[in-house]
Structure formats: C-alpha cells, structure tokens
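*Asks:* Please see the structure below; I have some questions.
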There are 2 protein chains.
Amino acid sequence: MDNLHIDQHISQQFNSDLEHLRTHLLELGGMVEAQVVDAVKAIETADGNLAERVLQTEQEVDRREIALDRECTLILARRQPAASDLRLVLMVTKTTHDLERMGDEADKIAKMAIAINEDGGASPRGYVELRHIATNVIKMVNACLDAFARYDVAQAIKVVRDDALVDMEYRTALRELITYMMEDPRSITRVMNILWALRALERIGDHARNIAENVIYMVHGLDVRHIPIAEIENRLAAQIKNL
Amino acid sequence: MDNLHIDQHISQQFNSDLEHLRTHLLELGGMVEAQVVDAVKAIETADGNLAERVLQTEQEVDRREIALDRECTLILARRQPAASDLRLVLMVTKTTHDLERMGDEADKIAKMAIAINEDGGASPRGYVELRHIATNVIKMVNACLDAFARYDVAQAIKVVRDDALVDMEYRTALRELITYMMEDPRSITRVMNILWALRALERIGDHARNIAENVIYMVHGLDVRHIPIAEIENRLAAQIKNL
C-alpha cells in the first residue's frame with residue numbers, strides 16, 4: 001500500500017473503532033434500561049422471580065463497563081483522537097459509569113421487590129407515588145439514550161428539565177411516606193422498602209440527567225454541569241448563532 | 001533551539017502539566033475532605049452556621065471540577081499521553097467526579113444539620129451510630145487522597161477493605177434506626193434526618209473506595225472494580241511477581 005492508502009486504511013479503522021464504541025455503549029444502555037423497567041415491574045407486582053432476573057444481569061453490566069472503559073483507553077492511546085472524536089470517547093467513559101450506577105440502583109429496587117415479596121406482599125401505601133415517578137424516570141432513561149444515538153440536543157435538554165421535575169415529585173412523595181409512617185408505625189418497615197425504591201428511582205433520574213449533559217458536551221463541546229436550565233439554553237443558542 | 005532542545009522543552013512542559021493536574025486534584029480533594037469533616041461536626045453539634053459554610057463551598061467545588069476536567073481534555077488533545085501518563089489523566093477525570101459527588105453528599109449532611117438545628121436540636125437517637133460511621137468514613141477519605149499523593153497501593157487496598165466494613169455498619173445502624181422509629185413514632189422526622197445523613201456517609205465511603213480503586217488502576221494498570229478484595233490482592237501479587 002502507498003502512503004495515501006495507508007492513511008485511508010488507518011482512518012477507516014479509526015471510524016470503525018468509534019462506531020463500535022457507540023454500538024457497545026448503546027447495547028449497555030439497552031441492557032440497563034431493561035433492568036430499570038423490569039425492576040419497577042417487579043416491585044409493582046411483588047414478583048420475586050423477575051427481581052432475581054434483574055439481579056442476574058448485574059455481572060454482565062459490570063463486565064461490559066470494564067470492557068468499554070478498556071476500549072476507550074485503547075482508542076486514546078492508539079488513535080490519539082482530537083476535537084469531536086475526543087469528546088465522543090470521553091463522553092462514553094463517563095456515560096458507561098453512569099449506566100453502571102443506574103444498573104446498581106435498579107438492583108436496589110429489585111432487592112426491595114424481593115423484600116416486599118417475602119414480607120407477604122405489598123405495602124398499602126406509597127404505590128401511587130412510586131408508579132408515577134417510575135413512569136417519568138423510565139421515560140428519561142429512554143430519552144437520554146435516544147439523545148445519544150441521534151446526537152439530539154433538544155431531547156437531552158428535555159431530560160435535564162425533567163430531572164428537576166422528578167426531584168420535586170420525589171421530595172413530595174417522601175413527605176407523604178413519612179406521614180404514613182407516623183400514622184401507622186406498624187407499616188414502617190414496609191413503607192421504608194418503598195422509600196428506598198423511590199430513592200433509587202430518583203438517583204436513576206440523576207444519572208439520566210448526567211448522560212444527557214454528556215450528550216450536550218459531546219455535540220457542542222459545552223460543559224453544562226451545575227448550570228441552571230435557562231442558562232444552558234441561552235449558551236447553546238449563543239453558540240448556534242455563532243456557527 | 002535545535003530539535004533535541006525542543007523535545008526536552010516539550011517534555012518538561014508535559015511533566016509540568018501533569019504535575020499541575022496532580023496538585024489541582026489534591027487541592028480539590030483537600031477542599032472536599034474539609035467539607036465532609038465540617039458537615040459531620042455541624043450535624044453532631046447541630047451547628048447551623050457551620051453547616052451554611054459547608055454549603056457555601058459547593059460552587060467552588062463545582063467550578064474546580066469543571067476546570068480539572070478541561071485540564072484533562074487539553075492534555076489528552078495536545079500531549080497525547082500514553083501508558084502511565086494516560087492512566088494518570090484518566091484517573092484524575094474519574095476521581096474529580098467522585099470528589100464532586102462526595103462534596104454533594106457532604107452538602108446533604110449539612111442540610112440535615114440545618115434541619116435538626118431548626119427542629120430545636122438533636123434527636124436523642126442514632127448519634128452514637130452516626131459518630132462511629134463518620135469517624136471511619138473520614139479516615140477513608142483522608143486515606144484515599146493520601147494513597148493518590150504517594151502512589152500507595154497498600155493504603156488504597158485498605159480503603160477498599162474498610163468500605164466493606166462501613167457498608168456493614170451502615171446496614172446495622174439502619175435496622176436500629178427503624179426500630180427507634182417504631183418504638184417512638186413521634187421521633188420519625190428527626191430520626192429520618194439522621195438516617196439520611198448516615199446514607200450520605202455511606203455514599204461518601206463508596207466514593208472513597210472508587211478513588212482508591214482508581215489509584216490502583218493508575219499505579220498498576222489493573223482495573224479492580226467489581227472484584228472481591230482477596231482476588232484483588234492475588235492479582236496484584238501475581239503482577240508484582242511478574243515484574
């Protein structure tokens with residue numbers, strides 16, 4: 001091969017490395033999303049078997065987290081990516097970690113489902129709140145992965161905004177659960193199970209928000225962490241105007 | 001300058017970049033460590049003013065997180081580090097994030113201190129458990145930063161081991177707090193404040209463990225996440241034997 005062809009070959013190889021990275025991240029994302037959906041279903045129906053299946057996915061998620069991180073390190077060492085390619089690789093490293101933590105939180109929900117199941121079924125209280133918040137969080141998980149797949153910044157911003165809503169709903173639900181416990185102290189153990197599951201859902205929402213912020217960074221090179229949502233939109237608008 | 005001198009100059013510049021990175025990470029670490037120590041003191045003494053000071057540090061921690069991340073990205077783009085230099089940069093990216101999350105958890109403890117203070121002082125229950133776990137977690141935070149500063153893998157392994165102990169103590173404390181709530185339902189709100197603070201401490205311990213694992217990765221290039229402690233020691237021993 002002459003130099004031109006060697007260059008082309010290297011560049012094709014590089015593109016294919018990045019494409020694999022994207023695919024592997026989306027596969028991990030799909031796996032963790034299914035864990036969250038199943039964990040919520042398991043706690044809603046007090047289904048111990050389904051909860052066990054969620055827990056069995058943990059090792060595979062951990063294995064993929066480590067494999068993806070190694071993939072990123074190899075690309076950084078061998079290909080020395082710059083600009084948007086570098087941002088993609090850094091985004092994948094961070095997002096992998098968020099996905100693994102999401103999986104951990106799904107496991108916690110599954111464990112609460114098993115505890116509820118062994119405890120002889122559902123707590124009478126807190127289920128409405130749980131179902132409502134779960135629906136919103138599952139949407140966020142789906143949307144942040146979709147935003148990554150399509151480089152869709154508008155959808156990423158929506159996830160950031162939805163996270164603020166979920167945090168508010170979570171705080172309201174918490175107050176209600178504490179009231180239930182005070183009214184009926186015998187229910188404390190059972191209500192605590194629901195409370196921990198809610199807490200895990202709220203954390204999953206936080207990770208979805210992190211991923212959405214990573215998408216914005218990847219697409220626009222703008223670090224939007226710790227910035228209020230209105231300010232994020234202003235900065236993105238200014239950046240797009242300057243293109 | 002001739003080529004040799006240009007090379008030396010670039011290499012000196014690179015070393016100085018890496019040295020700055022290390023210093024900046026340790027500065028952020030020291031700041032977050034102080035946040036944790038002060039937050040615990042604030043909750044133990046129901047000191048609202050001290051808690052407010054902890055909360056005021058948040059913005060500076062966030063600012064430094066973003067600055068450190070930008071520093072890492074620039075080094076990756078300009079210097080294209082390899083081998084142990086690359087591992088240092090990746091370690092710093094991850095550890096920065098863990099430190100920022102630690103700071104967030106310290107903020108939660110400070111907020112509980114403020115709530116307890118406004119609530120007219122301490123809950124009679126849960127303080128012994130809190131103080132005990134706090135002492136261990138603060139030691140872990142100090143030790144993981146020390147392990148980073150000295151490339152001290154033995155100390156890093158100790159942090160990983162201590163985290164398992166703290167998790168166990170946390171679960172025991174949780175059961176006791178739930179018993180207190182059942183015995184005295186009027187104390188539920190106050191005991192919940194202690195419970196959230198304990199939860200935040202347990203999370204701080206997790207982040208210290210993550211940082212310790214990052215130190216092991218940085219020094220030995222070995223990814224020890226999700227691996228039992230005995231297995232970590234075996235693998236490190238095998239690696240050192242093969243040197």
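Simple scheme: letters A, B, ... for chains in structure tokens order, numbers from 1 for residues in each chain, numbers from 1 for ligands in the order shown.
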Please determine the contact residues of chain B with respect to chain A at a cut-off of 7 Å, counting only C-alpha atoms, and supply them as a list in words.
*Replies:* Asp62, Ala77, Gln80, Ala82, Met182, Pro185, Arg186, Ile188 and His226 of chain B
*Asks:* Take chain B, superimpose it onto chain A by least squares using every C-alpha atom paired in sequence order, and output the result as an mmCIF file with C-alpha atoms, in the first residue's frame.
*Replies:*
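Wrote it out as result_34.cif, contents follow:
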```
data_model
loop_
_atom_site.group_PDB
_atom_site.id
_atom_site.type_symbol
_atom_site.label_atom_id
_atom_site.label_comp_id
_atom_site.auth_asym_id
_atom_site.auth_seq_id
_atom_site.Cartn_x
_atom_site.Cartn_y
_atom_site.Cartn_z
ATOM 1 C CA MET B 1 0.071 0.254 -0.066
ATOM 2 C CA ASP B 2 1.222 3.807 -0.707
ATOM 3 C CA ASN B 3 0.987 6.482 1.974
ATOM 4 C CA LEU B 4 -2.400 7.775 0.877
ATOM 5 C CA HIS B 5 -3.881 4.306 1.113
ATOM 6 C CA ILE B 6 -2.260 3.650 4.456
ATOM 7 C CA ASP B 7 -3.760 6.912 5.736
ATOM 8 C CA GLN B 8 -7.173 5.976 4.377
ATOM 9 C CA HIS B 9 -6.876 2.563 5.933
ATOM 10 C CA ILE B 10 -5.979 4.009 9.359
ATOM 11 C CA SER B 11 -8.776 6.516 9.111
ATOM 12 C CA GLN B 12 -11.312 3.803 8.208
ATOM 13 C CA GLN B 13 -10.072 1.688 11.082
ATOM 14 C CA PHE B 14 -10.457 4.661 13.431
ATOM 15 C CA ASN B 15 -14.004 5.334 12.270
ATOM 16 C CA SER B 16 -14.864 1.729 12.760
ATOM 17 C CA ASP B 17 -13.370 1.846 16.309
ATOM 18 C CA LEU B 18 -15.589 4.814 17.133
ATOM 19 C CA GLU B 19 -18.619 3.139 15.588
ATOM 20 C CA HIS B 20 -18.023 0.035 17.732
ATOM 21 C CA LEU B 21 -17.728 2.222 20.796
ATOM 22 C CA ARG B 22 -21.087 3.834 20.062
ATOM 23 C CA THR B 23 -22.725 0.465 19.432
ATOM 24 C CA HIS B 24 -21.304 -1.053 22.613
ATOM 25 C CA LEU B 25 -22.484 1.903 24.678
ATOM 26 C CA LEU B 26 -25.978 1.647 23.217
ATOM 27 C CA GLU B 27 -26.031 -2.098 23.906
ATOM 28 C CA LEU B 28 -25.089 -1.492 27.535
ATOM 29 C CA GLY B 29 -27.700 1.268 27.649
ATOM 30 C CA GLY B 30 -30.410 -1.061 26.355
ATOM 31 C CA MET B 31 -29.442 -3.683 28.915
ATOM 32 C CA VAL B 32 -29.606 -1.235 31.822
ATOM 33 C CA GLU B 33 -32.847 0.286 30.566
ATOM 34 C CA ALA B 34 -34.417 -3.203 30.583
ATOM 35 C CA GLN B 35 -33.094 -3.687 34.146
ATOM 36 C CA VAL B 36 -34.826 -0.505 35.292
ATOM 37 C CA VAL B 37 -38.112 -1.389 33.562
ATOM 38 C CA ASP B 38 -38.090 -4.935 34.985
ATOM 39 C CA ALA B 39 -37.124 -3.796 38.492
ATOM 40 C CA VAL B 40 -40.054 -1.380 38.550
ATOM 41 C CA LYS B 41 -42.410 -4.071 37.259
ATOM 42 C CA ALA B 42 -41.088 -6.476 39.895
ATOM 43 C CA ILE B 43 -41.751 -4.072 42.733
ATOM 44 C CA GLU B 44 -45.184 -3.083 41.432
ATOM 45 C CA THR B 45 -46.283 -6.704 41.173
ATOM 46 C CA ALA B 46 -44.149 -7.991 44.114
ATOM 47 C CA ASP B 47 -42.673 -10.489 41.627
ATOM 48 C CA GLY B 48 -39.652 -12.128 43.285
ATOM 49 C CA ASN B 49 -38.679 -14.146 40.204
ATOM 50 C CA LEU B 50 -38.513 -11.130 37.936
ATOM 51 C CA ALA B 51 -36.490 -9.313 40.604
ATOM 52 C CA GLU B 52 -34.005 -12.209 40.705
ATOM 53 C CA ARG B 53 -33.591 -11.942 36.929
ATOM 54 C CA VAL B 54 -32.772 -8.237 37.290
ATOM 55 C CA LEU B 55 -30.065 -9.096 39.821
ATOM 56 C CA GLN B 56 -28.606 -11.735 37.513
ATOM 57 C CA THR B 57 -27.861 -9.071 34.882
ATOM 58 C CA GLU B 58 -25.509 -7.233 37.236
ATOM 59 C CA GLN B 59 -22.384 -9.220 36.424
ATOM 60 C CA GLU B 60 -22.854 -8.781 32.684
ATOM 61 C CA VAL B 61 -23.311 -5.014 33.135
ATOM 62 C CA ASP B 62 -20.139 -4.855 35.245
ATOM 63 C CA ARG B 63 -18.228 -6.861 32.662
ATOM 64 C CA ARG B 64 -19.360 -4.567 29.873
ATOM 65 C CA GLU B 65 -18.496 -1.459 31.893
ATOM 66 C CA ILE B 66 -14.911 -2.647 32.253
ATOM 67 C CA ALA B 67 -14.701 -3.735 28.586
ATOM 68 C CA LEU B 68 -15.995 -0.354 27.379
ATOM 69 C CA ASP B 69 -13.549 1.504 29.578
ATOM 70 C CA ARG B 70 -10.695 -0.564 28.174
ATOM 71 C CA GLU B 71 -11.932 0.165 24.641
ATOM 72 C CA CYS B 72 -11.849 3.911 25.392
ATOM 73 C CA THR B 73 -8.339 3.710 26.857
ATOM 74 C CA LEU B 74 -7.063 1.812 23.815
ATOM 75 C CA ILE B 75 -8.548 4.346 21.412
ATOM 76 C CA LEU B 76 -6.992 7.202 23.374
ATOM 77 C CA ALA B 77 -3.589 5.492 23.421
ATOM 78 C CA ARG B 78 -3.536 4.284 19.802
ATOM 79 C CA ARG B 79 -5.589 6.793 17.852
ATOM 80 C CA GLN B 80 -4.986 9.963 19.845
ATOM 81 C CA PRO B 81 -8.348 11.416 18.859
ATOM 82 C CA ALA B 82 -8.931 15.167 18.811
ATOM 83 C CA ALA B 83 -11.888 17.555 18.846
ATOM 84 C CA SER B 84 -15.280 15.856 18.489
ATOM 85 C CA ASP B 85 -13.756 12.346 18.372
ATOM 86 C CA LEU B 86 -12.032 12.980 21.696
ATOM 87 C CA ARG B 87 -15.282 14.306 23.129
ATOM 88 C CA LEU B 88 -17.099 11.150 21.994
ATOM 89 C CA VAL B 89 -14.545 8.919 23.746
ATOM 90 C CA LEU B 90 -14.631 10.964 26.956
ATOM 91 C CA MET B 91 -18.427 11.014 26.812
ATOM 92 C CA VAL B 92 -18.508 7.225 26.525
ATOM 93 C CA THR B 93 -16.164 6.781 29.531
ATOM 94 C CA LYS B 94 -18.397 8.910 31.709
ATOM 95 C CA THR B 95 -21.678 7.553 30.416
ATOM 96 C CA THR B 96 -20.533 3.970 30.941
ATOM 97 C CA HIS B 97 -20.006 4.767 34.596
ATOM 98 C CA ASP B 98 -23.443 6.400 34.869
ATOM 99 C CA LEU B 99 -25.068 3.379 33.222
ATOM 100 C CA GLU B 100 -23.355 1.005 35.616
ATOM 101 C CA ARG B 101 -24.551 3.096 38.576
ATOM 102 C CA MET B 102 -28.067 3.090 37.093
ATOM 103 C CA GLY B 103 -27.886 -0.696 36.974
ATOM 104 C CA ASP B 104 -26.846 -0.713 40.659
ATOM 105 C CA GLU B 105 -29.874 1.380 41.543
ATOM 106 C CA ALA B 106 -32.133 -0.972 39.528
ATOM 107 C CA ASP B 107 -30.643 -3.798 41.615
ATOM 108 C CA LYS B 108 -31.620 -1.969 44.795
ATOM 109 C CA ILE B 109 -35.199 -1.684 43.543
ATOM 110 C CA ALA B 110 -35.168 -5.409 42.714
ATOM 111 C CA LYS B 111 -33.939 -6.190 46.237
ATOM 112 C CA MET B 112 -36.791 -4.141 47.682
ATOM 113 C CA ALA B 113 -39.182 -6.118 45.450
ATOM 114 C CA ILE B 114 -37.796 -9.333 46.931
ATOM 115 C CA ALA B 115 -38.136 -7.974 50.476
ATOM 116 C CA ILE B 116 -41.747 -6.927 49.809
ATOM 117 C CA ASN B 117 -42.490 -10.315 48.291
ATOM 118 C CA GLU B 118 -41.022 -12.169 51.302
ATOM 119 C CA ASP B 119 -42.867 -9.818 53.612
ATOM 120 C CA GLY B 120 -46.127 -11.197 52.213
ATOM 121 C CA GLY B 121 -46.952 -8.671 49.552
ATOM 122 C CA ALA B 122 -47.460 -5.009 49.078
ATOM 123 C CA SER B 123 -47.459 -2.080 51.433
ATOM 124 C CA PRO B 124 -50.825 -0.417 51.108
ATOM 125 C CA ARG B 125 -49.104 2.951 50.910
ATOM 126 C CA GLY B 126 -46.749 4.701 48.522
ATOM 127 C CA TYR B 127 -47.567 2.735 45.374
ATOM 128 C CA VAL B 128 -49.270 5.567 43.554
ATOM 129 C CA GLU B 129 -46.248 7.812 44.113
ATOM 130 C CA LEU B 130 -43.856 5.029 43.097
ATOM 131 C CA ARG B 131 -45.684 4.264 39.875
ATOM 132 C CA HIS B 132 -45.912 7.917 38.922
ATOM 133 C CA ILE B 133 -42.226 8.669 39.495
ATOM 134 C CA ALA B 134 -41.169 5.376 37.867
ATOM 135 C CA THR B 135 -43.052 6.260 34.671
ATOM 136 C CA ASN B 136 -41.241 9.585 34.428
ATOM 137 C CA VAL B 137 -37.811 8.158 35.241
ATOM 138 C CA ILE B 138 -38.156 5.325 32.699
ATOM 139 C CA LYS B 139 -39.026 7.937 30.061
ATOM 140 C CA MET B 140 -35.878 9.889 30.991
ATOM 141 C CA VAL B 141 -33.668 6.791 30.700
ATOM 142 C CA ASN B 142 -35.088 6.031 27.270
ATOM 143 C CA ALA B 143 -34.787 9.653 26.147
ATOM 144 C CA CYS B 144 -31.166 10.150 27.214
ATOM 145 C CA LEU B 145 -30.083 7.033 25.291
ATOM 146 C CA ASP B 146 -32.090 8.178 22.305
ATOM 147 C CA ALA B 147 -30.458 11.614 22.527
ATOM 148 C CA PHE B 148 -27.052 9.899 22.443
ATOM 149 C CA ALA B 149 -27.985 7.689 19.476
ATOM 150 C CA ARG B 150 -29.263 10.656 17.442
ATOM 151 C CA TYR B 151 -26.985 13.445 18.718
ATOM 152 C CA ASP B 152 -30.269 15.091 19.702
ATOM 153 C CA VAL B 153 -29.508 18.063 21.945
ATOM 154 C CA ALA B 154 -33.142 19.201 22.217
ATOM 155 C CA GLN B 155 -34.072 15.843 23.694
ATOM 156 C CA ALA B 156 -31.061 15.977 26.020
ATOM 157 C CA ILE B 157 -32.202 19.362 27.321
ATOM 158 C CA LYS B 158 -35.661 17.927 27.935
ATOM 159 C CA VAL B 159 -34.112 15.194 30.111
ATOM 160 C CA VAL B 160 -32.264 17.818 32.163
ATOM 161 C CA ARG B 161 -35.542 19.674 32.640
ATOM 162 C CA ASP B 162 -37.469 16.501 33.512
ATOM 163 C CA ASP B 163 -34.921 15.675 36.196
ATOM 164 C CA ALA B 164 -35.814 18.847 38.099
ATOM 165 C CA LEU B 165 -39.477 17.769 37.974
ATOM 166 C CA VAL B 166 -38.701 14.253 39.222
ATOM 167 C CA ASP B 167 -36.632 15.671 42.099
ATOM 168 C CA MET B 168 -39.601 17.789 43.147
ATOM 169 C CA GLU B 169 -42.025 14.863 42.919
ATOM 170 C CA TYR B 170 -39.603 12.748 44.906
ATOM 171 C CA ARG B 171 -39.459 15.262 47.755
ATOM 172 C CA THR B 172 -43.267 15.465 47.844
ATOM 173 C CA ALA B 173 -43.578 11.662 47.859
ATOM 174 C CA LEU B 174 -41.022 11.470 50.676
ATOM 175 C CA ARG B 175 -43.069 13.775 52.878
ATOM 176 C CA GLU B 176 -46.180 11.694 52.219
ATOM 177 C CA LEU B 177 -44.408 8.443 53.077
ATOM 178 C CA ILE B 178 -43.165 9.918 56.357
ATOM 179 C CA THR B 179 -46.729 10.942 57.177
ATOM 180 C CA TYR B 180 -47.921 7.374 56.474
ATOM 181 C CA MET B 181 -45.272 6.026 58.829
ATOM 182 C CA MET B 182 -46.332 8.356 61.617
ATOM 183 C CA GLU B 183 -49.996 7.461 61.138
ATOM 184 C CA ASP B 184 -49.306 3.748 61.132
ATOM 185 C CA PRO B 185 -45.991 2.848 62.825
ATOM 186 C CA ARG B 186 -46.557 -0.872 62.182
ATOM 187 C CA SER B 187 -46.169 -0.142 58.462
ATOM 188 C CA ILE B 188 -42.730 1.474 58.905
ATOM 189 C CA THR B 189 -40.669 -1.450 57.610
ATOM 190 C CA ARG B 190 -42.860 -1.876 54.551
ATOM 191 C CA VAL B 191 -43.059 1.831 53.776
ATOM 192 C CA MET B 192 -39.257 2.045 54.134
ATOM 193 C CA ASN B 193 -38.952 -0.502 51.299
ATOM 194 C CA ILE B 194 -40.982 1.776 49.046
ATOM 195 C CA LEU B 195 -38.969 4.752 50.241
ATOM 196 C CA TRP B 196 -35.660 3.136 49.282
ATOM 197 C CA ALA B 197 -37.072 2.193 45.893
ATOM 198 C CA LEU B 198 -38.181 5.802 45.348
ATOM 199 C CA ARG B 199 -34.749 6.990 46.366
ATOM 200 C CA ALA B 200 -33.163 4.615 43.818
ATOM 201 C CA LEU B 201 -35.505 5.940 41.113
ATOM 202 C CA GLU B 202 -34.535 9.508 41.930
ATOM 203 C CA ARG B 203 -30.866 8.528 41.604
ATOM 204 C CA ILE B 204 -31.562 6.836 38.252
ATOM 205 C CA GLY B 205 -33.070 10.133 37.119
ATOM 206 C CA ASP B 206 -29.863 11.919 38.204
ATOM 207 C CA HIS B 207 -27.769 9.521 36.122
ATOM 208 C CA ALA B 208 -30.061 10.041 33.113
ATOM 209 C CA ARG B 209 -29.506 13.773 33.563
ATOM 210 C CA ASN B 210 -25.730 13.231 33.694
ATOM 211 C CA ILE B 211 -25.903 11.249 30.458
ATOM 212 C CA ALA B 212 -27.991 13.980 28.832
ATOM 213 C CA GLU B 213 -25.402 16.559 29.912
ATOM 214 C CA ASN B 214 -22.690 14.335 28.424
ATOM 215 C CA VAL B 215 -24.613 14.303 25.125
ATOM 216 C CA ILE B 216 -24.692 18.113 25.080
ATOM 217 C CA TYR B 217 -20.951 18.167 25.782
ATOM 218 C CA MET B 218 -20.298 15.631 23.038
ATOM 219 C CA VAL B 219 -22.317 17.490 20.407
ATOM 220 C CA HIS B 220 -21.475 21.098 21.282
ATOM 221 C CA GLY B 221 -18.301 20.858 23.385
ATOM 222 C CA LEU B 222 -20.152 22.758 26.108
ATOM 223 C CA ASP B 223 -19.857 21.655 29.728
ATOM 224 C CA VAL B 224 -23.316 22.319 31.155
ATOM 225 C CA ARG B 225 -22.948 20.686 34.556
ATOM 226 C CA HIS B 226 -24.070 22.776 37.542
ATOM 227 C CA ILE B 227 -25.687 25.342 35.242
ATOM 228 C CA PRO B 228 -29.401 26.266 35.512
ATOM 229 C CA ILE B 229 -31.486 25.074 32.592
ATOM 230 C CA ALA B 230 -32.385 28.568 31.281
ATOM 231 C CA GLU B 231 -28.690 29.453 31.201
ATOM 232 C CA ILE B 232 -27.899 26.210 29.305
ATOM 233 C CA GLU B 233 -30.429 27.162 26.638
ATOM 234 C CA ASN B 234 -29.006 30.697 26.379
ATOM 235 C CA ARG B 235 -25.474 29.428 25.941
ATOM 236 C CA LEU B 236 -26.482 26.854 23.339
ATOM 237 C CA ALA B 237 -28.480 29.469 21.436
ATOM 238 C CA ALA B 238 -25.473 31.839 21.487
ATOM 239 C CA GLN B 239 -23.217 29.070 20.260
ATOM 240 C CA ILE B 240 -25.509 28.063 17.421
ATOM 241 C CA LYS B 241 -25.828 31.741 16.390
ATOM 242 C CA ASN B 242 -22.043 31.973 16.193
ATOM 243 C CA LEU B 243 -21.701 28.987 13.885
#
```
